[in-house]
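As stored in coords_4.cif (mmCIF, C-alpha atoms and all ligand atoms):
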```
data_start
loop_
_atom_site.label_atom_id
_atom_site.label_comp_id
_atom_site.auth_asym_id
_atom_site.auth_seq_id
_atom_site.Cartn_x
_atom_site.Cartn_y
_atom_site.Cartn_z
CA MET A 1 75.75 100.43 129.80
CA SER A 2 76.88 98.72 126.56
CA GLU A 3 80.50 97.79 126.02
CA TYR A 4 82.02 97.75 122.54
CA ASN A 5 84.33 95.51 120.53
CA VAL A 6 86.64 98.00 118.82
CA ALA A 7 88.99 97.47 115.86
CA ILE A 8 91.73 99.92 114.90
CA LEU A 9 92.61 99.64 111.22
CA GLY A 10 96.12 101.01 110.52
CA ALA A 11 97.09 100.55 114.18
CA THR A 12 100.84 100.67 113.51
CA GLY A 13 100.87 104.05 111.71
CA ALA A 14 101.54 107.62 112.85
CA VAL A 15 97.80 108.15 113.34
CA GLY A 16 97.02 104.54 114.39
CA THR A 17 99.39 104.59 117.36
CA ARG A 18 97.68 107.79 118.52
CA LEU A 19 94.25 106.23 117.97
CA ILE A 20 95.25 103.54 120.46
CA GLN A 21 96.36 106.16 122.99
CA GLN A 22 93.25 108.34 122.50
CA LEU A 23 90.99 105.28 122.82
CA GLU A 24 92.73 104.35 126.08
CA GLN A 25 92.02 107.85 127.38
CA SER A 26 88.45 108.05 126.05
CA THR A 27 85.07 107.59 127.75
CA ILE A 28 84.21 104.69 125.39
CA PRO A 29 83.52 101.46 127.32
CA VAL A 30 85.78 98.97 125.51
CA LYS A 31 85.00 95.24 125.77
CA SER A 32 87.80 94.12 123.43
CA VAL A 33 90.27 95.59 120.96
CA LYS A 34 91.66 94.31 117.69
CA PHE A 35 94.67 95.93 116.04
CA LEU A 36 94.76 95.57 112.24
CA ALA A 37 97.43 96.56 109.70
CA SER A 38 99.05 95.13 106.55
CA SER A 39 100.63 91.67 106.34
CA ARG A 40 104.00 93.42 106.99
CA SER A 41 102.99 94.06 110.60
CA ALA A 42 101.07 90.86 111.32
CA GLY A 43 102.42 89.30 114.54
CA LYS A 44 103.87 92.55 115.88
CA GLN A 45 102.99 93.27 119.52
CA LEU A 46 101.40 96.55 120.59
CA LYS A 47 99.82 97.42 123.92
CA PHE A 48 96.38 98.50 125.09
CA HIS A 49 96.19 99.60 128.72
CA ASN A 50 99.59 97.93 129.14
CA GLN A 51 98.33 94.53 127.96
CA PRO A 52 99.94 93.04 124.84
CA VAL A 53 97.81 92.92 121.67
CA THR A 54 99.05 91.10 118.56
CA VAL A 55 98.60 92.96 115.27
CA GLU A 56 96.60 91.02 112.68
CA GLU A 57 96.50 91.38 108.91
CA ALA A 58 93.31 93.25 107.98
CA LYS A 59 90.84 91.12 106.00
CA PRO A 60 87.05 91.28 105.54
CA GLU A 61 86.60 88.50 108.14
CA SER A 62 88.57 90.57 110.69
CA PHE A 63 85.40 92.58 111.31
CA GLU A 64 83.22 89.67 112.46
CA GLY A 65 81.85 90.60 115.90
CA VAL A 66 83.31 94.14 115.78
CA ASP A 67 80.99 97.01 116.82
CA LEU A 68 83.18 100.01 116.12
CA VAL A 69 86.03 100.51 113.63
CA LEU A 70 88.49 103.40 113.81
CA ALA A 71 90.17 103.41 110.39
CA SER A 72 93.42 105.05 109.34
CA ALA A 73 95.19 102.80 106.83
CA GLY A 74 94.86 104.87 103.65
CA GLY A 75 91.93 105.60 101.34
CA ASP A 76 92.25 102.47 99.21
CA VAL A 77 92.18 100.21 102.26
CA SER A 78 89.12 102.04 103.62
CA LYS A 79 87.31 101.74 100.27
CA ARG A 80 87.99 98.01 100.18
CA LEU A 81 87.41 97.06 103.82
CA LEU A 82 84.94 99.47 105.43
CA PRO A 83 81.93 98.31 103.36
CA GLU A 84 82.86 94.76 104.51
CA ALA A 85 82.89 95.94 108.13
CA VAL A 86 79.49 97.67 107.73
CA LYS A 87 78.10 94.52 106.10
CA ARG A 88 79.07 92.69 109.30
CA GLY A 89 77.28 95.26 111.47
CA ALA A 90 80.15 97.55 112.50
CA VAL A 91 80.02 101.35 112.56
CA CYS A 92 83.18 102.88 111.08
CA VAL A 93 84.82 106.24 111.74
CA ASP A 94 87.17 106.75 108.81
CA ASN A 95 90.16 109.06 109.01
CA THR A 96 90.98 108.85 105.30
CA SER A 97 89.59 110.89 102.41
CA ALA A 98 87.83 107.85 100.86
CA PHE A 99 84.21 108.72 101.71
CA ARG A 100 84.36 112.37 102.81
CA MET A 101 82.42 113.89 99.93
CA ASP A 102 79.86 111.06 99.68
CA PRO A 103 76.48 112.72 100.32
CA ASP A 104 75.41 109.73 102.44
CA VAL A 105 78.45 110.01 104.73
CA PRO A 106 78.48 112.63 107.50
CA LEU A 107 81.75 114.60 107.63
CA VAL A 108 82.05 115.57 111.26
CA VAL A 109 83.95 117.89 113.56
CA PRO A 110 82.07 117.48 116.86
CA GLU A 111 82.47 121.14 117.90
CA VAL A 112 80.81 122.18 114.62
CA ASN A 113 78.27 119.63 113.33
CA ALA A 114 77.86 116.70 115.77
CA GLU A 115 74.16 116.61 114.84
CA ALA A 116 75.09 115.22 111.39
CA LEU A 117 76.01 111.92 113.12
CA THR A 118 72.34 110.96 113.40
CA ARG A 119 72.27 110.60 109.60
CA HIS A 120 75.01 107.95 109.33
CA HIS A 121 74.58 104.72 107.36
CA GLY A 122 77.53 102.91 108.92
CA ILE A 123 80.42 105.18 107.89
CA ILE A 124 81.31 108.57 109.35
CA ALA A 125 84.22 110.49 107.82
CA ASN A 126 86.84 112.40 109.74
CA PRO A 127 87.82 115.50 107.74
CA ASN A 128 91.23 116.52 106.47
CA CYS A 129 93.56 117.64 109.28
CA SER A 130 94.00 121.23 108.04
CA THR A 131 90.25 121.59 107.53
CA ILE A 132 89.41 120.40 111.06
CA GLN A 133 91.46 122.97 112.95
CA MET A 134 90.32 125.79 110.66
CA VAL A 135 86.59 125.07 111.10
CA VAL A 136 86.96 124.71 114.89
CA ALA A 137 88.24 128.32 114.91
CA LEU A 138 85.87 129.68 112.25
CA GLU A 139 82.57 128.19 113.42
CA PRO A 140 82.18 130.37 116.56
CA ILE A 141 82.99 133.42 114.41
CA ARG A 142 80.43 132.34 111.78
CA LYS A 143 77.80 131.86 114.48
CA ALA A 144 78.42 135.29 116.02
CA PHE A 145 79.08 137.49 112.99
CA GLY A 146 78.37 135.44 109.84
CA LEU A 147 81.12 134.57 107.38
CA LYS A 148 81.44 135.65 103.74
CA GLN A 149 84.86 134.44 102.70
CA VAL A 150 87.98 132.67 103.90
CA ILE A 151 91.50 132.75 102.46
CA VAL A 152 93.87 130.33 104.21
CA SER A 153 97.59 129.63 103.85
CA THR A 154 98.77 126.51 105.65
CA TYR A 155 102.12 125.57 107.17
CA GLN A 156 101.75 121.77 107.42
CA ALA A 157 103.97 119.51 109.48
CA ALA A 158 106.04 116.63 108.09
CA SER A 159 104.11 114.02 110.10
CA GLY A 160 100.96 114.74 108.06
CA ALA A 161 102.50 112.67 105.28
CA GLY A 162 102.85 109.56 107.47
CA GLN A 163 105.51 107.96 109.66
CA GLN A 164 107.91 107.03 106.85
CA ALA A 165 107.87 110.54 105.40
CA TRP A 166 108.37 112.08 108.83
CA ASN A 167 111.40 109.78 109.40
CA GLU A 168 112.77 110.85 106.02
CA MET A 169 112.65 114.54 106.97
CA ASN A 170 114.52 113.83 110.21
CA ALA A 171 117.16 111.85 108.29
CA GLN A 172 117.50 114.67 105.75
CA ALA A 173 118.14 117.18 108.55
CA GLN A 174 120.96 115.00 109.89
CA GLU A 175 122.39 114.46 106.38
CA HIS A 176 122.40 118.21 105.75
CA LEU A 177 124.07 118.96 109.11
CA ASP A 178 126.68 116.27 108.34
CA GLY A 179 127.43 117.96 104.99
CA LYS A 180 125.95 115.07 103.00
CA GLU A 181 123.46 115.18 100.13
CA MET A 182 119.87 114.87 101.35
CA GLN A 183 118.09 111.72 100.14
CA SER A 184 114.52 112.36 98.96
CA THR A 185 112.19 109.51 98.11
CA ILE A 186 108.80 110.61 99.49
CA TYR A 187 108.00 114.37 99.62
CA PRO A 188 106.03 116.04 98.23
CA VAL A 189 103.91 112.98 97.31
CA LYS A 190 104.71 109.31 97.93
CA GLY A 191 104.96 107.52 94.59
CA GLY A 192 105.07 110.83 92.69
CA ALA A 193 107.29 111.56 89.67
CA LYS A 194 109.70 113.90 91.48
CA HIS A 195 110.96 114.15 95.04
CA TYR A 196 112.48 117.07 96.90
CA PRO A 197 113.99 117.47 100.35
CA LEU A 198 111.74 118.90 103.05
CA ALA A 199 114.43 119.58 105.66
CA PHE A 200 115.61 123.22 105.47
CA ASN A 201 113.05 123.73 102.71
CA LEU A 202 109.38 124.59 102.00
CA LEU A 203 107.23 122.63 99.55
CA PRO A 204 104.16 124.37 98.09
CA GLN A 205 102.65 121.03 97.12
CA ILE A 206 100.65 118.71 99.37
CA ASP A 207 98.92 115.86 97.54
CA VAL A 208 98.63 115.76 93.74
CA PHE A 209 97.82 118.64 91.38
CA GLU A 210 94.34 119.13 89.92
CA ASP A 211 93.87 120.39 86.34
CA ASP A 212 93.17 123.95 87.55
CA GLY A 213 96.56 124.30 89.30
CA TYR A 214 95.25 123.71 92.84
CA THR A 215 96.59 120.76 94.79
CA HIS A 216 94.17 118.12 96.04
CA GLU A 217 94.91 119.20 99.65
CA GLU A 218 93.73 122.70 98.73
CA TRP A 219 90.67 121.23 96.99
CA LYS A 220 89.86 119.24 100.15
CA MET A 221 90.12 122.31 102.38
CA ILE A 222 87.74 124.26 100.12
CA HIS A 223 85.07 121.59 99.66
CA GLU A 224 85.24 119.90 103.07
CA THR A 225 84.92 123.29 104.83
CA LYS A 226 81.68 123.97 102.95
CA LYS A 227 80.30 120.49 103.63
CA ILE A 228 80.99 120.77 107.38
CA MET A 229 80.00 124.38 107.99
CA LEU A 230 76.99 124.61 105.68
CA ASP A 231 75.72 121.09 106.38
CA ASP A 232 72.07 120.97 107.32
CA MET A 233 71.70 124.75 107.41
CA ASP A 234 70.20 127.46 105.25
CA ALA A 235 73.39 129.47 105.69
CA PRO A 236 74.59 131.50 102.70
CA ASP A 237 77.57 130.08 100.83
CA ILE A 238 81.05 130.88 102.11
CA LYS A 239 83.78 131.56 99.56
CA VAL A 240 86.88 129.56 100.49
CA THR A 241 90.32 129.36 98.93
CA ALA A 242 93.58 127.81 100.15
CA THR A 243 97.33 127.56 99.57
CA CYS A 244 98.85 124.53 101.30
CA VAL A 245 102.55 124.38 102.10
CA ARG A 246 104.60 121.60 103.75
CA VAL A 247 107.10 122.95 106.29
CA PRO A 248 109.96 121.20 108.12
CA VAL A 249 108.16 120.93 111.46
CA GLY A 250 107.57 117.47 113.00
CA ILE A 251 104.10 117.87 114.51
CA GLY A 252 101.58 120.73 114.42
CA HIS A 253 99.98 122.43 111.44
CA GLY A 254 99.88 126.27 111.41
CA GLU A 255 97.40 128.32 109.38
CA ALA A 256 97.21 132.02 108.53
CA VAL A 257 93.45 132.52 108.11
CA TYR A 258 92.05 135.70 106.51
CA PHE A 259 88.28 136.02 106.74
CA GLU A 260 85.47 138.45 106.01
CA VAL A 261 82.51 138.53 108.36
CA ALA A 262 78.98 139.00 107.03
CA ASN A 263 77.95 141.54 109.70
CA PRO A 264 80.93 143.90 110.00
CA LYS A 265 79.08 146.39 112.24
CA GLU A 266 78.64 143.65 114.88
CA ALA A 267 82.30 142.54 114.85
CA SER A 268 85.53 143.92 116.25
CA ARG A 269 88.92 142.43 117.14
CA GLU A 270 87.97 142.38 120.85
CA LYS A 271 84.56 140.77 120.18
CA ILE A 272 86.14 138.06 118.01
CA GLN A 273 88.71 137.37 120.74
CA LYS A 274 85.89 137.10 123.32
CA VAL A 275 83.93 134.66 121.16
CA LEU A 276 87.05 132.54 120.57
CA ALA A 277 87.95 132.53 124.28
CA LYS A 278 84.62 130.81 125.03
CA ALA A 279 84.47 128.53 121.98
CA PRO A 280 84.47 124.72 122.46
CA GLY A 281 87.82 123.12 121.71
CA VAL A 282 89.57 126.49 121.27
CA VAL A 283 92.33 127.96 123.42
CA LEU A 284 92.91 131.68 122.77
CA GLN A 285 96.60 132.57 123.04
CA ASP A 286 96.61 136.17 121.94
CA ASP A 287 98.66 138.76 123.80
CA PRO A 288 101.16 140.67 121.68
CA ASP A 289 102.45 142.53 124.78
CA GLN A 290 103.54 139.19 126.22
CA GLN A 291 104.56 137.77 122.79
CA LEU A 292 101.89 135.13 123.35
CA TYR A 293 100.74 133.29 120.22
CA PRO A 294 100.21 129.63 119.23
CA GLN A 295 103.24 127.58 118.23
CA PRO A 296 103.34 123.98 116.93
CA ILE A 297 105.91 122.99 119.56
CA ASN A 298 103.41 123.87 122.31
CA ALA A 299 100.39 122.29 120.58
CA GLU A 300 102.04 118.87 120.30
CA GLY A 301 100.19 116.25 122.37
CA LYS A 302 97.19 118.55 122.97
CA ARG A 303 93.61 118.00 121.82
CA GLU A 304 92.68 121.70 121.52
CA THR A 305 92.98 124.15 118.64
CA PHE A 306 95.06 127.21 119.54
CA VAL A 307 94.23 130.64 118.10
CA GLY A 308 96.10 133.95 118.26
CA ARG A 309 97.25 137.03 116.28
CA VAL A 310 93.61 138.12 115.82
CA ARG A 311 93.60 141.52 114.09
CA GLY A 312 91.48 143.57 111.74
CA ASP A 313 92.74 144.09 108.21
CA GLN A 314 94.13 147.62 107.89
CA GLU A 315 92.68 148.22 104.42
CA ASN A 316 89.43 146.25 104.40
CA PRO A 317 86.86 146.85 107.16
CA GLY A 318 85.05 143.66 108.18
CA ASN A 319 88.07 141.54 107.26
CA TYR A 320 90.28 139.91 109.89
CA HIS A 321 93.36 137.74 110.24
CA MET A 322 94.12 134.99 112.75
CA TRP A 323 96.78 132.31 113.31
CA VAL A 324 95.54 128.79 114.09
CA VAL A 325 97.64 125.84 115.30
CA ALA A 326 96.75 122.26 116.31
CA ASP A 327 98.39 118.86 116.66
CA ASN A 328 97.64 117.42 113.20
CA LEU A 329 97.88 113.84 114.48
CA LEU A 330 95.48 114.46 117.39
CA LYS A 331 92.80 117.09 116.63
CA GLY A 332 93.62 116.68 112.94
CA ALA A 333 93.24 112.91 113.06
CA ALA A 334 93.21 110.53 116.07
CA TRP A 335 91.46 112.73 118.64
CA ASN A 336 88.78 113.97 116.24
CA THR A 337 88.14 110.32 115.24
CA VAL A 338 87.84 109.13 118.85
CA GLN A 339 85.82 112.24 119.75
CA ILE A 340 83.33 111.27 116.98
CA ALA A 341 83.23 107.74 118.39
CA GLU A 342 82.56 109.11 121.90
CA LYS A 343 79.63 111.14 120.50
CA LEU A 344 78.28 108.03 118.72
CA VAL A 345 78.38 106.16 122.03
CA GLU A 346 76.79 109.08 123.92
CA LYS A 347 73.97 109.32 121.35
CA ASP A 348 73.54 105.53 121.20
CA LEU A 349 74.39 105.52 117.47
CA VAL A 350 76.79 102.56 117.39
CA SER A 351 74.50 100.47 115.24
CA VAL A 352 73.85 100.24 111.53
CA THR A 353 70.07 100.48 111.45
CA ASN A 354 69.80 102.66 108.32
CA ARG A 355 72.23 100.79 106.05
N1 LIG B 1 92.48 113.50 109.21
C1 LIG B 1 93.53 113.72 108.47
O1 LIG B 1 93.68 114.62 107.76
C2 LIG B 1 94.62 112.79 108.48
C3 LIG B 1 94.39 111.63 107.82
N2 LIG B 1 95.38 110.77 107.67
C4 LIG B 1 95.06 109.59 106.91
O2 LIG B 1 95.27 108.45 107.73
C5 LIG B 1 95.85 107.39 107.00
C6 LIG B 1 97.09 106.88 107.68
O3 LIG B 1 97.98 107.93 107.90
P1 LIG B 1 99.32 107.75 108.73
O4 LIG B 1 99.05 107.06 110.02
O5 LIG B 1 99.92 109.10 108.75
O6 LIG B 1 100.15 106.79 107.78
P2 LIG B 1 101.31 105.76 108.13
O7 LIG B 1 101.99 105.54 106.85
O8 LIG B 1 102.10 106.22 109.29
O9 LIG B 1 100.48 104.42 108.55
C7 LIG B 1 99.73 103.68 107.64
C8 LIG B 1 98.99 102.56 108.35
O10 LIG B 1 98.17 101.86 107.41
C9 LIG B 1 98.52 100.48 107.42
N3 LIG B 1 98.36 99.87 106.10
C10 LIG B 1 99.00 100.20 104.97
N4 LIG B 1 98.62 99.40 103.95
C11 LIG B 1 97.70 98.54 104.46
C12 LIG B 1 96.93 97.48 103.93
N5 LIG B 1 97.04 97.12 102.65
N6 LIG B 1 96.08 96.81 104.75
C13 LIG B 1 95.97 97.17 106.04
N7 LIG B 1 96.67 98.17 106.61
C14 LIG B 1 97.53 98.85 105.84
C15 LIG B 1 99.95 100.46 107.84
O11 LIG B 1 100.30 99.16 108.30
P3 LIG B 1 101.81 98.59 108.18
O12 LIG B 1 102.54 99.13 109.37
O13 LIG B 1 101.59 97.13 108.23
O14 LIG B 1 102.37 99.08 106.88
C16 LIG B 1 99.92 101.52 108.93
O15 LIG B 1 99.35 100.97 110.11
C17 LIG B 1 96.03 107.97 105.60
O16 LIG B 1 94.90 107.62 104.83
C18 LIG B 1 96.01 109.44 105.75
O17 LIG B 1 95.49 110.04 104.61
C19 LIG B 1 96.60 111.02 108.18
C20 LIG B 1 96.88 112.18 108.86
C21 LIG B 1 95.87 113.16 109.08
N1 LIG B 2 97.21 115.73 103.86
C1 LIG B 2 97.51 115.85 105.27
C2 LIG B 2 97.27 114.54 105.96
C3 LIG B 2 96.32 113.64 105.26
O1 LIG B 2 96.58 112.50 105.12
O2 LIG B 2 95.22 114.21 104.81
P1 LIG B 2 94.01 113.45 104.09
O3 LIG B 2 93.49 112.48 105.08
O4 LIG B 2 93.05 114.54 103.79
O5 LIG B 2 94.54 112.79 102.86
C4 LIG B 2 98.94 116.26 105.39
O6 LIG B 2 99.67 115.78 104.56
O7 LIG B 2 99.30 117.00 106.28
#
```
Kindly present the structure from the file in structure tokens form.
Ligand SMILES: NC(=O)C1=CN([C@@H]2O[C@H](COP(=O)(O)OP(=O)(O)OC[C@H]3O[C@@H](n4cnc5c(N)ncnc54)[C@H](OP(=O)(O)O)[C@@H]3O)[C@@H](O)[C@H]2O)C=CC1
Ligand SMILES: N[C@@H](CC(=O)OP(=O)(O)O)C(=O)O
Amino acid sequence: MSEYNVAILGATGAVGTRLIQQLEQSTIPVKSVKFLASSRSAGKQLKFHNQPVTVEEAKPESFEGVDLVLASAGGDVSKRLLPEAVKRGAVCVDNTSAFRMDPDVPLVVPEVNAEALTRHHGIIANPNCSTIQMVVALEPIRKAFGLKQVIVSTYQAASGAGQQAWNEMNAQAQEHLDGKEMQSTIYPVKGGAKHYPLAFNLLPQIDVFEDDGYTHEEWKMIHETKKIMLDDMDAPDIKVTATCVRVPVGIGHGEAVYFEVANPKEASREKIQKVLAKAPGVVLQDDPDQQLYPQPINAEGKRETFVGRVRGDQENPGNYHMWVVADNLLKGAAWNTVQIAEKLVEKDLVSVTNR
């Protein structure tokens, strides 16, 4: 069996540190690892299987001899360095939004569209974290009953904005409890014109605003969902809309998902629960009598997507609600990325033959 030289780009970040851990726990046969980050982290020591690995500054030459790149260092870094890695023969799984809507780049959630991997030209994109957990829950429902429309409201954790932002929310909580003014330099958008506290607050803005009043996070959920779920199929279009909100939770995105099935006569609350209970990557936690429902605090550190509160809409037959929670840094990022890499290895697709 082949063994692979693997590079992790962005190894020191909130996602990168989890990429290391997920790679350690994966089925991928690793020959060597290389941890890459900015010049700020060059020389820092991290560990892989308890052995020290020195972080190197990421440069085009860093990818010489690398077979597989797991990238999570921001979109601009991916745009600059991943084509260099592909040029040197590496296959890249990119966790950023840089290439997601490129028609030549498969956008993959293994439970939904692993077959799209066969069409890669060197780069495979990992979708947006909120999109991933939603499509894991919706795909089995679409397969069983068809899907006409989806209206989602998200409750997104602080850590989705990166390690520095997450630290800032924790500091704000302490400042508030100490009776001090909360210092805000990052949320809602790093480098944006205005900043607001996230601790003890809710921010209905994730990413920048588009001209039509949607945020870019909402735009990503709408368009990425269609690309993943309708990819390679003659399925009818699904109407999707989203409202994305940042909440003062450390890890674990929550989503209230309202959906209309295409074949209402076939569906019922119990049938949807049954389908979800058997769906890959899903854990059904749905028992109102026992007050059992998914919570971010319980999803932290887990690879699965948790679904509960399934119920039919009281006014609109064929329409249902559900509550979906996952660890945004694992299923939303590091685990989905490593899971894609595992599939590439399984399917013998770690080579750039169709560049
Ligand atoms: N699938 C998804 O939806 C998710 C995607 N992401 C994406 O993953 C990326 C990283 O997120 P996250 O880990 O939360 O962010 P962090 O801010 O926690 O980490 C950023 C990482 O990128 C590295 N980096 C920054 N600038 C450069 C550079 N010029 N060259 C090389 N490396 C650099 C940093 O290195 P250093 O320590 O040296 O600064 C660090 O390792 C983002 O693009 C984000 O959009 C994140 C969460 C979920
Ligand atoms: N936007 C997500 C995380 C992220 O970075 O997403 P993307 O990779 O789509 O930019 C969040 O803030 O929770």
Contact check, chain A to ligand LIG 2 (chain B), at most 10 Å, counting all atoms listed in the file, closest pairs as JSON lines:
```
{"residue": "A:Val15", "atom": "CA", "partner": "B:LIG2", "partner_atom": "O1", "distance": 9.4}
{"residue": "A:Ser72", "atom": "CA", "partner": "B:LIG2", "partner_atom": "O3", "distance": 8.6}
{"residue": "A:Ala73", "atom": "CA", "partner": "B:LIG2", "partner_atom": "O1", "distance": 9.9}
{"residue": "A:Gly74", "atom": "CA", "partner": "B:LIG2", "partner_atom": "O3", "distance": 7.9}
{"residue": "A:Gly75", "atom": "CA", "partner": "B:LIG2", "partner_atom": "O5", "distance": 7.8}
{"residue": "A:Asp94", "atom": "CA", "partner": "B:LIG2", "partner_atom": "O3", "distance": 9.3}
{"residue": "A:Asn95", "atom": "CA", "partner": "B:LIG2", "partner_atom": "O3", "distance": 6.2}
{"residue": "A:Thr96", "atom": "CA", "partner": "B:LIG2", "partner_atom": "O3", "distance": 4.4}
{"residue": "A:Ser97", "atom": "CA", "partner": "B:LIG2", "partner_atom": "O3", "distance": 5.0}
{"residue": "A:Ala98", "atom": "CA", "partner": "B:LIG2", "partner_atom": "O3", "distance": 8.4}
{"residue": "A:Arg100", "atom": "CA", "partner": "B:LIG2", "partner_atom": "O4", "distance": 9.0}
{"residue": "A:Ala125", "atom": "CA", "partner": "B:LIG2", "partner_atom": "O3", "distance": 9.9}
{"residue": "A:Asn126", "atom": "CA", "partner": "B:LIG2", "partner_atom": "O3", "distance": 8.1}
{"residue": "A:Pro127", "atom": "CA", "partner": "B:LIG2", "partner_atom": "O4", "distance": 6.6}
{"residue": "A:Asn128", "atom": "CA", "partner": "B:LIG2", "partner_atom": "O4", "distance": 3.8}
{"residue": "A:Cys129", "atom": "CA", "partner": "B:LIG2", "partner_atom": "C2", "distance": 5.9}
{"residue": "A:Ser130", "atom": "CA", "partner": "B:LIG2", "partner_atom": "C1", "distance": 7.0}
{"residue": "A:Thr131", "atom": "CA", "partner": "B:LIG2", "partner_atom": "O4", "distance": 8.5}
{"residue": "A:Thr154", "atom": "CA", "partner": "B:LIG2", "partner_atom": "O7", "distance": 9.5}
{"residue": "A:Tyr155", "atom": "CA", "partner": "B:LIG2", "partner_atom": "O7", "distance": 9.1}
{"residue": "A:Gln156", "atom": "CA", "partner": "B:LIG2", "partner_atom": "O7", "distance": 5.5}
{"residue": "A:Ala157", "atom": "CA", "partner": "B:LIG2", "partner_atom": "O7", "distance": 6.2}
{"residue": "A:Ala158", "atom": "CA", "partner": "B:LIG2", "partner_atom": "O7", "distance": 7.0}
{"residue": "A:Ser159", "atom": "CA", "partner": "B:LIG2", "partner_atom": "O7", "distance": 6.8}
{"residue": "A:Gly160", "atom": "CA", "partner": "B:LIG2", "partner_atom": "O7", "distance": 3.3}
{"residue": "A:Ala161", "atom": "CA", "partner": "B:LIG2", "partner_atom": "O6", "distance": 4.3}
{"residue": "A:Gly162", "atom": "CA", "partner": "B:LIG2", "partner_atom": "O1", "distance": 7.3}
{"residue": "A:Ala165", "atom": "CA", "partner": "B:LIG2", "partner_atom": "O6", "distance": 9.8}
{"residue": "A:Tyr187", "atom": "CA", "partner": "B:LIG2", "partner_atom": "O6", "distance": 9.8}
{"residue": "A:Pro188", "atom": "CA", "partner": "B:LIG2", "partner_atom": "O6", "distance": 9.0}
{"residue": "A:Val189", "atom": "CA", "partner": "B:LIG2", "partner_atom": "O6", "distance": 8.9}
{"residue": "A:Gln205", "atom": "CA", "partner": "B:LIG2", "partner_atom": "O6", "distance": 9.6}
{"residue": "A:Ile206", "atom": "CA", "partner": "B:LIG2", "partner_atom": "O6", "distance": 6.0}
{"residue": "A:Asp207", "atom": "CA", "partner": "B:LIG2", "partner_atom": "N1", "distance": 6.5}
{"residue": "A:His216", "atom": "CA", "partner": "B:LIG2", "partner_atom": "O4", "distance": 8.6}
{"residue": "A:Glu217", "atom": "CA", "partner": "B:LIG2", "partner_atom": "N1", "distance": 5.9}
{"residue": "A:Glu218", "atom": "CA", "partner": "B:LIG2", "partner_atom": "N1", "distance": 9.3}
{"residue": "A:Trp219", "atom": "CA", "partner": "B:LIG2", "partner_atom": "O4", "distance": 9.8}
{"residue": "A:Lys220", "atom": "CA", "partner": "B:LIG2", "partner_atom": "O4", "distance": 6.7}
{"residue": "A:Met221", "atom": "CA", "partner": "B:LIG2", "partner_atom": "O4", "distance": 8.4}
{"residue": "A:Glu224", "atom": "CA", "partner": "B:LIG2", "partner_atom": "O4", "distance": 9.5}
{"residue": "A:Cys244", "atom": "CA", "partner": "B:LIG2", "partner_atom": "O7", "distance": 9.0}
{"residue": "A:Val245", "atom": "CA", "partner": "B:LIG2", "partner_atom": "O7", "distance": 9.1}
{"residue": "A:Arg246", "atom": "CA", "partner": "B:LIG2", "partner_atom": "O7", "distance": 7.5}
{"residue": "A:Val247", "atom": "CA", "partner": "B:LIG2", "partner_atom": "O7", "distance": 9.8}
{"residue": "A:Ile251", "atom": "CA", "partner": "B:LIG2", "partner_atom": "O7", "distance": 9.6}
{"residue": "A:Gly252", "atom": "CA", "partner": "B:LIG2", "partner_atom": "O7", "distance": 9.2}
{"residue": "A:His253", "atom": "CA", "partner": "B:LIG2", "partner_atom": "O7", "distance": 7.5}
{"residue": "A:Asn328", "atom": "CA", "partner": "B:LIG2", "partner_atom": "O7", "distance": 7.1}
{"residue": "A:Leu329", "atom": "CA", "partner": "B:LIG2", "partner_atom": "C2", "distance": 8.6}
{"residue": "A:Gly332", "atom": "CA", "partner": "B:LIG2", "partner_atom": "C2", "distance": 8.2}
{"residue": "A:Ala333", "atom": "CA", "partner": "B:LIG2", "partner_atom": "O3", "distance": 8.0}
```
Notebook entry, point to check: Of the residues A:Ala37, A:Val53, A:Leu46, A:Ala242, which is the one nearest to A:Val257, using only C-alpha atoms?
Noted result: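 Counting only C-alpha atoms, the residue closest to A:Val257 is A:Ala242.
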Margin query: So that I can see what lies close to A:Ala171, please list as a list in words the residues with an atom at most 9 Å from it, counting only C-alpha atoms and leaving out residues fewer than 4 positions away in the same chain.
Written below: Trp166, Asn167, Glu175, His176, Met182, Gln183 and Ala199 of chain A
Next item on the list: May I ask which of the residues A:Ser2, A:Ser39, A:Ser26, A:Ser32 is the closest one to ligand LIG 1 (chain B), counting only C-alpha atoms and all ligand atoms?
Entry: A:Ser39
Margin query: Show me, as a ChimeraX atom specification, the residues that have an atom within 10 Å of A:Ser38 when counting all atoms listed in the file, minus same-chain residues fewer than 6 positions from it.
Written below: /A:9-12,55-59,73,77
Check: From the set A:His120, A:Lys343, A:Arg142, A:His195, which residue has the shortest atom-to-atom contact distance to A:Pro264, counting only C-alpha atoms?
Finding: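 Ranking A:His120, A:Lys343, A:Arg142, A:His195 by distance to A:Pro264, first place goes to A:Arg142.
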Using 6 Å of padding on each side, determine the axis-aligned box around all atoms of ligand LIG 1 (chain B) present in the file and give its centre and edge lengths in Å to one decimal, as JSON.
```
{"center_x": 97.5, "center_y": 105.7, "center_z": 106.4, "size_x": 22.1, "size_y": 29.8, "size_z": 19.5}
```
Checklist line | Polymer residues at most 10 Å from stretch 302-315 of chain A, all atoms listed in the file, same-chain spacing of 3 or more positions, as an MDAnalysis selection string | finding: chainID A and resid 22 132:137 252 254:260 267:270 272:273 276:277 280:288 291:296 298:299 318:332 334:336 339
Next item on the list: Rounded to one decimal place, report the atom CA of A:Gly16-atom CA of A:Leu203 distance in Å.
Entry: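 Value for the atom CA of A:Gly16-atom CA of A:Leu203 distance: 25.5 Å.
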Next item on the list: Find, counting all atoms listed in the file, the residue in A:Gln25, A:Asn170, A:Ser153, A:Thr241 that gets nearest to A:Glu342.
Entry: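 Of the candidates, the smallest distance to A:Glu342 is held by A:Gln25.
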